[in-house]
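**Q** Take a look at this one; I'll ask things after.
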Amino acid sequence: MSADFIDKAQNKAQEVAGEAKKAVGDATDNDDLKAEGTADKAGAKTKQAGAKVSDAAEDAKDAASDVADEAKDKAEDVASDVKAQAKDVKAKAEDAADDAKAQVKDAAQDAKDKADEVADKAKDAAADAKAQAKDVAQNAEKKANEVADKVASNIRSIDSRDVEKAATNPALIAGVVAVIAGIIAAIVIKRR
């Protein structure tokens, strides 16, 4: 049995004994016994009140301890939650940084690919332009040779009177000059 239970039982027994003494004092008109019974009863009640105060203090202490424990547990829970959230935020920040790196890398690769594509197109365009220029030069040379052959053929068939007439014909002179200029242009283009 606990000491607390024994103390309460003794106090209750003293209260009952005090009540009995008082009742006997009343029945016998013994004022001393009445007073002694009242005193015993009052002492027991005082001890019971003290025990109740002690119990209340113990209960308050236990409640305060429980509240402190609960507060500590809640503080630890909050700290744990904050720590977990901080880890989540850190992980999200790292993921965002990794995503940003990947996007920058992808954008750089896209830019490089586009630059390579543009360079290839420019190279192809330059090759096409060179081929076209060569074709134009060959066609011009061919035309100039054809004209030269025609002129040479016409010159052979011209007699001296025709030459005299031709020398004074401005349209014919302009045609000859154009043919000569074409031949010179073809020769210059061919040498390049």
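Residue numbering restarts at 1 in every chain; chains get A, B, ... in the order shown in the structure tokens, and ligands count up from 1 in that same order.
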Do you know which residues are at most 8 Å from A:Asp40 counting only C-alpha atoms, after dropping those on the same chain fewer than 5 positions away, and could you put them as a CSV table (one decimal) with N, CA and C atoms, in the first residue's frame?
**A**
```
chain,number,residue,atom,x,y,z
A,14,GLN,N,-9.2,9.3,12.3
A,14,GLN,CA,-9.1,10.4,13.3
A,14,GLN,C,-10.4,11.2,13.3
A,15,GLU,N,-10.9,11.6,12.0
A,15,GLU,CA,-12.1,12.4,11.9
A,15,GLU,C,-13.3,11.6,12.5
A,17,ALA,N,-13.2,9.2,14.7
A,17,ALA,CA,-13.0,9.1,16.2
A,17,ALA,C,-13.3,10.4,16.9
A,18,GLY,N,-12.9,11.5,16.3
A,18,GLY,CA,-13.3,12.9,16.8
A,18,GLY,C,-14.8,13.1,16.9
A,19,GLU,N,-15.5,12.6,15.8
A,19,GLU,CA,-16.9,12.7,15.7
A,19,GLU,C,-17.6,11.9,16.9
```
**Q** List the neighbours of A:Val188 out to 10 Å using only C-alpha atoms; skip same-chain residues closer than 5 positions along the sequence, and give me the result as a PyMOL selection string.
**A** chain A and resi 137+182-183
**Q** Within 8 Å of A:Ala144, counting only C-alpha atoms, which residues qualify if same-chain residues fewer than 2 places away don't, as a list in words?
**A**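 Counting only the stated atoms, we get Ala140, Glu141, Lys142, Glu146, Val147, Ala148, Val179, Gly182, Ile183 and Ala186 of chain A.
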**Q** Selection from above, C-alpha atoms, as a tab-separated table (two decimals), in the first residue's frame, can you write it?
**A**
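Output (result_26.tsv):
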```tsv
chain	number	residue	atom	x	y	z
A	140	ALA	CA	29.56	33.79	-122.29
A	141	GLU	CA	32.75	32.31	-123.73
A	142	LYS	CA	30.72	29.98	-125.93
A	146	GLU	CA	30.07	31.73	-131.72
A	147	VAL	CA	29.89	35.45	-132.44
A	148	ALA	CA	33.59	35.57	-133.23
A	179	VAL	CA	31.72	41.29	-129.87
A	182	GLY	CA	32.46	40.01	-125.08
A	183	ILE	CA	35.58	38.16	-126.13
A	186	ALA	CA	35.22	35.89	-121.57
```
**Q** Do a neighbour search on stretch 54-60 of chain A at 10 Å with only C-alpha atoms, toss out local chain neighbours closer than 6 positions, and write the hits as a list in words.
**A**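 Listed by chain and then number, they are Asp4, Gln48 and Asp66 of chain A.
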**Q** Show me, as an mmCIF file with N, CA and C atoms, in the first residue's frame, the residues that have an atom within 10 Å of A:Ala35 when counting only C-alpha atoms, minus same-chain residues fewer than 5 positions from it.
**A**
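And here is the file that came out, selection-v9.cif:
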```cif
data_model
loop_
_atom_site.group_PDB
_atom_site.id
_atom_site.type_symbol
_atom_site.label_atom_id
_atom_site.label_comp_id
_atom_site.auth_asym_id
_atom_site.auth_seq_id
_atom_site.Cartn_x
_atom_site.Cartn_y
_atom_site.Cartn_z
ATOM 1 N N GLY A 18 -12.935 11.544 16.256
ATOM 2 C CA GLY A 18 -13.270 12.862 16.817
ATOM 3 C C GLY A 18 -14.774 13.059 16.856
ATOM 4 N N LYS A 21 -16.115 10.966 19.723
ATOM 5 C CA LYS A 21 -15.843 11.609 21.021
ATOM 6 C C LYS A 21 -16.819 12.747 21.252
ATOM 7 N N LYS A 22 -17.049 13.523 20.225
ATOM 8 C CA LYS A 22 -17.958 14.668 20.344
ATOM 9 C C LYS A 22 -19.367 14.163 20.670
ATOM 10 N N GLY A 25 -19.439 13.097 24.164
ATOM 11 C CA GLY A 25 -19.422 14.303 25.020
ATOM 12 C C GLY A 25 -20.788 14.950 25.049
ATOM 13 N N ASP A 26 -21.503 14.955 23.906
ATOM 14 C CA ASP A 26 -22.852 15.524 23.854
ATOM 15 C C ASP A 26 -23.802 14.664 24.693
ATOM 16 N N ASN A 30 -20.349 16.073 28.674
ATOM 17 C CA ASN A 30 -18.943 16.251 29.044
ATOM 18 C C ASN A 30 -18.338 17.214 28.049
ATOM 19 N N ASP A 40 -10.123 16.816 17.590
ATOM 20 C CA ASP A 40 -9.631 15.699 16.796
ATOM 21 C C ASP A 40 -10.212 15.742 15.381
ATOM 22 N N LYS A 41 -11.516 16.043 15.309
ATOM 23 C CA LYS A 41 -12.192 16.113 14.005
ATOM 24 C C LYS A 41 -11.576 17.235 13.160
#
```
